[in-house]
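> Contents are mmCIF, C-alpha atoms; file name my_file-v5.cif:
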data_query
#
loop_
_atom_site.label_atom_id
_atom_site.label_comp_id
_atom_site.auth_asym_id
_atom_site.auth_seq_id
_atom_site.Cartn_x
_atom_site.Cartn_y
_atom_site.Cartn_z
CA MET A 54 -2.65 -5.03 12.38
CA LYS A 55 -5.14 -7.88 12.26
CA CYS A 56 -8.75 -7.52 11.22
CA TYR A 57 -11.76 -9.80 11.69
CA ILE A 58 -14.65 -9.52 9.27
CA LEU A 59 -17.94 -11.22 10.12
CA ILE A 60 -20.37 -11.96 7.29
CA ASN A 61 -23.62 -13.85 6.86
CA SER A 62 -23.58 -17.42 8.21
CA GLY A 63 -25.75 -20.19 9.59
CA ARG A 64 -25.08 -18.87 13.11
CA GLY A 65 -25.17 -22.23 14.88
CA LYS A 66 -24.52 -22.05 18.62
CA LYS A 67 -21.20 -23.92 18.42
CA PHE A 68 -19.89 -21.67 15.66
CA ARG A 69 -21.04 -18.49 17.45
CA ASN A 70 -19.25 -19.55 20.62
CA LEU A 71 -16.08 -20.24 18.64
CA VAL A 72 -16.17 -16.82 16.98
CA ILE A 73 -16.87 -14.96 20.21
CA GLY A 74 -14.11 -16.86 22.01
CA ARG A 75 -11.55 -16.20 19.26
CA ILE A 76 -12.29 -12.47 19.18
CA ILE A 77 -12.22 -12.06 22.96
CA LYS A 78 -8.87 -13.86 23.11
CA ALA A 79 -7.44 -11.78 20.24
CA ARG A 80 -8.50 -8.54 21.89
CA GLN A 81 -6.98 -9.58 25.22
CA ASN A 82 -3.67 -10.55 23.61
CA ASN A 83 -3.34 -7.66 21.18
CA LYS A 84 -5.22 -4.81 22.88
CA ASN A 85 -5.65 -2.08 20.23
CA LYS A 86 -4.05 -4.04 17.39
CA VAL A 87 -7.25 -5.85 16.41
CA LYS A 88 -10.14 -4.39 14.43
CA LEU A 89 -13.57 -6.00 14.11
CA ILE A 90 -15.89 -5.30 11.18
CA CYS A 91 -19.41 -6.70 10.84
CA ALA A 92 -20.87 -6.81 7.34
CA ASP A 93 -24.63 -6.41 7.86
CA SER A 94 -26.09 -9.59 9.44
CA GLY A 95 -22.60 -10.83 10.26
CA ALA A 96 -23.29 -8.91 13.47
CA HIS A 97 -25.58 -11.76 14.56
CA LEU A 98 -22.46 -13.86 15.22
CA ILE A 99 -21.37 -11.75 18.20
CA TYR A 100 -24.19 -9.52 19.41
CA PRO A 101 -25.24 -8.94 22.12
CA GLU A 102 -22.29 -10.70 23.82
CA ILE A 103 -19.59 -8.41 22.39
CA SER A 104 -19.53 -5.41 20.06
CA SER A 105 -17.66 -4.56 16.87
CA ASP A 106 -15.68 -1.49 15.87
CA TYR A 107 -17.62 -1.05 12.64
CA LEU A 108 -20.90 -2.12 11.04
CA ILE A 109 -20.96 -1.78 7.28
CA GLY A 110 -23.45 -2.52 4.48
CA ASP A 111 -26.99 -1.76 3.36
CA LEU A 112 -28.34 -3.21 6.64
CA ASP A 113 -31.18 -5.02 4.90
CA SER A 114 -30.67 -8.35 6.67
CA ILE A 115 -29.63 -7.41 10.20
CA SER A 116 -32.38 -7.83 12.80
CA PRO A 117 -34.02 -4.66 14.16
CA GLU A 118 -33.22 -5.79 17.71
CA ILE A 119 -29.48 -6.14 17.04
CA LEU A 120 -29.41 -2.87 15.07
CA GLN A 121 -31.03 -1.08 18.00
CA ILE A 122 -28.31 -2.39 20.33
CA ILE A 123 -25.59 -1.26 17.89
CA ASN A 124 -27.15 2.20 17.52
CA LYS A 125 -26.74 2.68 21.28
CA SER A 126 -23.11 1.52 21.28
CA LYS A 127 -19.84 3.11 20.20
CA THR A 128 -19.78 1.07 16.98
CA ARG A 129 -19.33 3.21 13.88
CA ILE A 130 -22.07 2.51 11.35
CA ILE A 131 -21.30 2.93 7.64
CA LYS A 132 -24.53 2.52 5.71
CA TYR A 133 -24.87 2.04 1.96
CA PRO A 134 -27.99 2.12 -0.22
CA ARG A 135 -29.57 -1.25 -0.98
CA GLU A 136 -29.04 -0.76 -4.71
CA LYS A 137 -25.26 -0.85 -4.93
CA ASP A 138 -22.58 -2.39 -7.15
CA PHE A 139 -20.77 -4.43 -4.49
CA THR A 140 -21.63 -6.97 -1.81
CA ASP A 141 -21.40 -6.01 1.86
CA PHE A 142 -18.35 -8.29 2.17
CA HIS A 143 -16.62 -6.49 -0.71
CA LEU A 144 -17.36 -3.16 0.97
CA ALA A 145 -15.99 -4.46 4.28
CA LEU A 146 -12.75 -5.61 2.62
CA THR A 147 -12.35 -2.26 0.88
CA PHE A 148 -12.93 -0.40 4.13
CA ALA A 149 -10.41 -2.62 5.95
CA LEU A 150 -7.75 -1.45 3.47
CA SER A 151 -8.31 2.16 4.58
CA LEU A 152 -7.60 1.48 8.26
CA LYS A 153 -4.46 2.78 9.96
CA PRO A 154 -2.13 1.23 10.90
CA ALA A 155 -2.39 -0.91 7.81
CA ILE A 156 -4.09 -4.31 7.96
CA ASP A 157 -1.80 -7.23 7.09
CA GLU A 158 -4.11 -10.14 7.94
CA ILE A 159 -7.87 -10.63 7.66
CA THR A 160 -9.76 -13.51 9.22
CA VAL A 161 -13.29 -13.92 7.92
CA PHE A 162 -16.00 -15.76 9.83
CA GLY A 163 -19.04 -16.87 7.81
CA GLY A 164 -19.73 -16.81 4.09
CA LEU A 165 -19.31 -20.49 3.21
CA SER A 166 -22.73 -22.01 3.83
CA GLY A 167 -25.19 -19.72 2.11
CA ARG A 168 -26.32 -19.48 -1.50
CA LEU A 169 -23.85 -20.90 -3.99
CA ASP A 170 -23.52 -17.64 -5.93
CA GLN A 171 -22.77 -15.71 -2.76
CA THR A 172 -20.31 -18.34 -1.52
CA LEU A 173 -18.38 -18.26 -4.80
CA ALA A 174 -18.40 -14.46 -4.77
CA ASN A 175 -16.99 -14.47 -1.22
CA ILE A 176 -14.16 -16.85 -2.16
CA TYR A 177 -13.17 -15.10 -5.38
CA THR A 178 -13.43 -11.63 -3.88
CA ALA A 179 -11.19 -12.64 -0.97
CA ALA A 180 -8.71 -14.31 -3.32
CA CYS A 181 -8.47 -11.26 -5.58
CA PHE A 182 -8.03 -8.88 -2.64
CA SER A 183 -5.25 -11.09 -1.27
CA MET A 184 -3.47 -11.21 -4.63
CA GLU A 185 -3.85 -7.52 -5.47
CA HIS A 186 -3.10 -6.03 -2.04
CA GLY A 187 -0.78 -8.60 -0.47
CA ILE A 188 -3.07 -9.28 2.48
CA LYS A 189 -3.27 -12.69 4.13
CA ILE A 190 -6.93 -13.79 4.15
CA SER A 191 -8.66 -16.91 5.44
CA ILE A 192 -12.37 -17.79 5.67
CA HIS A 193 -13.93 -20.01 8.35
CA GLU A 194 -17.39 -21.39 9.01
CA ASN A 195 -18.39 -24.36 11.16
CA ASN A 196 -16.05 -27.29 10.30
CA THR A 197 -14.62 -25.71 7.15
CA SER A 198 -11.63 -23.37 6.79
CA LEU A 199 -10.33 -21.90 3.54
CA TYR A 200 -6.80 -20.56 3.03
CA LEU A 201 -5.36 -18.67 0.06
CA LEU A 202 -1.88 -19.06 -1.37
CA ASN A 203 -0.43 -16.82 -4.07
CA SER A 204 2.72 -14.90 -5.01
CA HIS A 205 2.56 -12.99 -1.68
CA PHE A 206 1.90 -16.05 0.48
CA LYS A 207 3.60 -19.12 -0.93
CA LYS A 208 3.94 -21.03 2.35
CA LEU A 209 1.27 -22.25 4.75
CA LYS A 210 1.64 -24.19 7.99
CA LEU A 211 -1.40 -25.31 9.98
CA THR A 212 -1.19 -26.73 13.49
CA ASP A 213 -4.34 -25.53 15.27
CA GLU A 214 -7.27 -27.94 15.20
CA ILE A 215 -5.58 -30.22 12.66
CA LYS A 216 -6.30 -33.89 13.31
CA SER A 217 -5.52 -37.13 11.54
CA GLY A 218 -8.45 -38.11 9.35
CA ASP A 219 -9.41 -34.54 8.44
CA THR A 220 -9.92 -33.74 4.77
CA VAL A 221 -7.76 -31.28 2.84
CA SER A 222 -8.54 -30.32 -0.73
CA LEU A 223 -6.23 -28.30 -2.98
CA ARG A 224 -7.74 -26.35 -5.85
CA PRO A 225 -5.94 -24.08 -8.33
CA LEU A 226 -7.82 -20.80 -8.42
CA PHE A 227 -7.46 -19.52 -11.97
CA TYR A 228 -4.73 -21.41 -13.80
CA ASP A 229 -2.34 -24.27 -13.09
CA THR A 230 -0.50 -24.23 -9.77
CA THR A 231 2.84 -25.90 -9.06
CA VAL A 232 3.14 -27.26 -5.53
CA LYS A 233 6.77 -27.28 -4.38
CA SER A 234 6.09 -29.47 -1.33
CA ALA A 235 3.31 -30.69 0.95
CA SER A 236 3.63 -32.67 4.17
CA GLY A 237 1.23 -34.16 6.68
CA LEU A 238 -1.01 -35.48 3.91
CA LYS A 239 -1.65 -39.05 2.79
CA TYR A 240 -0.91 -38.18 -0.82
CA GLY A 241 2.25 -36.08 -0.81
CA LEU A 242 3.15 -33.55 -3.46
CA ILE A 243 6.66 -32.58 -4.54
CA ASN A 244 7.06 -30.28 -7.53
CA ASP A 245 3.67 -31.41 -8.81
CA THR A 246 1.49 -29.28 -11.05
CA LEU A 247 -2.23 -29.18 -10.31
CA ARG A 248 -4.28 -28.25 -13.37
CA ALA A 249 -7.36 -26.10 -12.91
CA ALA A 250 -9.22 -28.36 -15.34
CA ASP A 251 -8.48 -31.52 -13.33
CA THR A 252 -9.78 -32.76 -9.97
CA ARG A 253 -6.47 -34.03 -8.66
CA GLY A 254 -5.91 -32.53 -5.22
CA VAL A 255 -9.48 -32.98 -4.05
CA SER A 256 -10.16 -35.02 -0.87
CA ASN A 257 -6.63 -35.61 0.39
CA GLU A 258 -6.36 -36.91 3.96
CA VAL A 259 -4.49 -35.52 6.96
CA ILE A 260 -2.16 -38.10 8.57
CA ALA A 261 -0.39 -35.89 11.16
CA ASP A 262 -1.08 -33.21 13.76
CA LYS A 263 0.13 -30.48 11.42
CA ILE A 264 0.34 -29.85 7.71
CA SER A 265 2.59 -27.60 5.66
CA LEU A 266 2.47 -26.63 2.03
CA GLU A 267 4.51 -24.44 -0.29
CA ILE A 268 3.66 -23.45 -3.84
CA ARG A 269 6.18 -22.55 -6.53
CA SER A 270 3.77 -20.68 -8.81
CA GLY A 271 0.11 -19.96 -9.34
CA GLU A 272 -2.77 -19.31 -6.95
CA LEU A 273 -4.13 -22.07 -4.73
CA ILE A 274 -7.10 -22.60 -2.43
CA LEU A 275 -6.53 -24.98 0.49
CA ILE A 276 -9.74 -26.19 2.09
CA HIS A 277 -9.56 -27.90 5.49
CA ILE A 278 -12.63 -29.86 6.61
CA LYS A 279 -12.62 -31.19 10.16
CA LYS A 280 -13.59 -34.81 10.64
CA GLY A 281 -16.98 -35.43 12.25
#
When written as structure tokens, how does the structure in this file appear?

Amino acid sequence: MKCYILINSGRGKKFRNLVIGRIIKARQNNKNKVKLICADSGAHLIYPEISSDYLIGDLDSISPEILQIINKSKTRIIKYPREKDFTDFHLALTFALSLKPAIDEITVFGGLSGRLDQTLANIYTAACFSMEHGIKISIHENNTSLYLLNSHFKKLKLTDEIKSGDTVSLRPLFYDTTVKSASGLKYGLINDTLRAADTRGVSNEVIADKISLEIRSGELILIHIKKG
């Protein structure tokens, strides 16, 4: 089963429309096989146009107007105290693991344009959950998408919204990562090792309408930035 998690974002009109459109399409195509979780003010991305299955967090940043709408809906609210050990996103990921049937893919909208400490926490938390639980996770906001490769997910192929001239950066997450192959990029990689201490892999350029990458070992972050 697929799960969408919405977290704090800039909430620009173009991005909101994209998120709403993606979720509506996913629900139409998969019926009851899609779950939608809002982490606190992540609800601003879709309300009042559509509703979520769950709202989770301390609810300290969601607007009173949106919360009032949710209180009158069928959305299940899971509230935590403001003084807690984990971020709302962490709580949403943990809750997603408890859903039945089991979640095998999580798409996150938001979380990449806020405070630096929160952005880093979102990326590392998602990466660790993917590694530890074998769940495919990606994060998207505005023109930036982030994909995680590890021992569970060694191959990645991207065709949607990939255009020549886009930027792709490859960053080892913790230690060195060996890239078995990469295609569709100006600077190809074949059995190349990217060191976490180096900047090689940053600002590569897309030269095709699709890209594919496979790692041999390590954990890798692939960041896709749309041109313009």
> Expand the PyMOL selection byres ((chain A and resi 60) around 8) into the explicit residue set it covers here, and present it as a PyMOL selection string.
chain A and resi 58-59+61-62+91-96+142+161-164
> To one decimal place in Å, what is the distance between CA of Asp245 (chain A) and CA of Ile264 (chain A)?
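Taking CA of Asp245 (chain A) as the start and CA of Ile264 (chain A) as the end point, the length is 16.9 Å.
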> Tell me which residues come within 9 Å of (-12.2, -6.5, 8.3), as a PyMOL selection string, counting all atoms listed in the file in the file's coordinates.
chain A and resi 55-59+88-92+107+142+145-150+156+158-161
> Using only C-alpha atoms, which residues sit within 10 Å of Thr197 (chain A) once same-chain residues fewer than 5 positions away are excluded, as a PDB file with C-alpha atoms, keeping the file's coordinate frame?

ATOM      1  CA  GLY A 163     -19.040 -16.870   7.810  1.00  0.00           C
ATOM      2  CA  LEU A 165     -19.310 -20.490   3.210  1.00  0.00           C
ATOM      3  CA  SER A 166     -22.730 -22.010   3.830  1.00  0.00           C
ATOM      4  CA  ILE A 192     -12.370 -17.790   5.670  1.00  0.00           C
ATOM      5  CA  THR A 220      -9.920 -33.740   4.770  1.00  0.00           C
ATOM      6  CA  VAL A 221      -7.760 -31.280   2.840  1.00  0.00           C
ATOM      7  CA  ILE A 276      -9.740 -26.190   2.090  1.00  0.00           C
ATOM      8  CA  HIS A 277      -9.560 -27.900   5.490  1.00  0.00           C
ATOM      9  CA  ILE A 278     -12.630 -29.860   6.610  1.00  0.00           C
ATOM     10  CA  LYS A 279     -12.620 -31.190  10.160  1.00  0.00           C
ATOM     11  CA  LYS A 280     -13.590 -34.810  10.640  1.00  0.00           C
TER      12      LYS A 280
END
> Could you tell me how far CA of Lys208 (chain A) lies from CA of Gln171 (chain A), in Å and to one decimal?
27.7 Å
> Place a sphere of radius 7 Å on (-24.9, -5.8, 4.8) in the file coordinates and name every protein, DNA or RNA residue with an atom inside or on its surface, counting only C-alpha atoms; give the answer as a list in words.
Ala92, Asp93, Ser94, Ile109, Gly110, Asp111, Leu112, Asp113, Ser114 and Asp141 of chain A
> Any chance you can output those residues with C-alpha atoms as a PDB file, keeping the file's coordinate frame?

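Writing done, so here's out-v4.pdb:
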ATOM      1  CA  ALA A  92     -20.870  -6.810   7.340  1.00  0.00           C
ATOM      2  CA  ASP A  93     -24.630  -6.410   7.860  1.00  0.00           C
ATOM      3  CA  SER A  94     -26.090  -9.590   9.440  1.00  0.00           C
ATOM      4  CA  ILE A 109     -20.960  -1.780   7.280  1.00  0.00           C
ATOM      5  CA  GLY A 110     -23.450  -2.520   4.480  1.00  0.00           C
ATOM      6  CA  ASP A 111     -26.990  -1.760   3.360  1.00  0.00           C
ATOM      7  CA  LEU A 112     -28.340  -3.210   6.640  1.00  0.00           C
ATOM      8  CA  ASP A 113     -31.180  -5.020   4.900  1.00  0.00           C
ATOM      9  CA  SER A 114     -30.670  -8.350   6.670  1.00  0.00           C
ATOM     10  CA  ASP A 141     -21.400  -6.010   1.860  1.00  0.00           C
TER      11      ASP A 141
END
> Provide the CA of Asn195 (chain A) to CA of Gly281 (chain A) distance in Å, to one decimal place.
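Computing it gives 11.2 Å between the two atoms.
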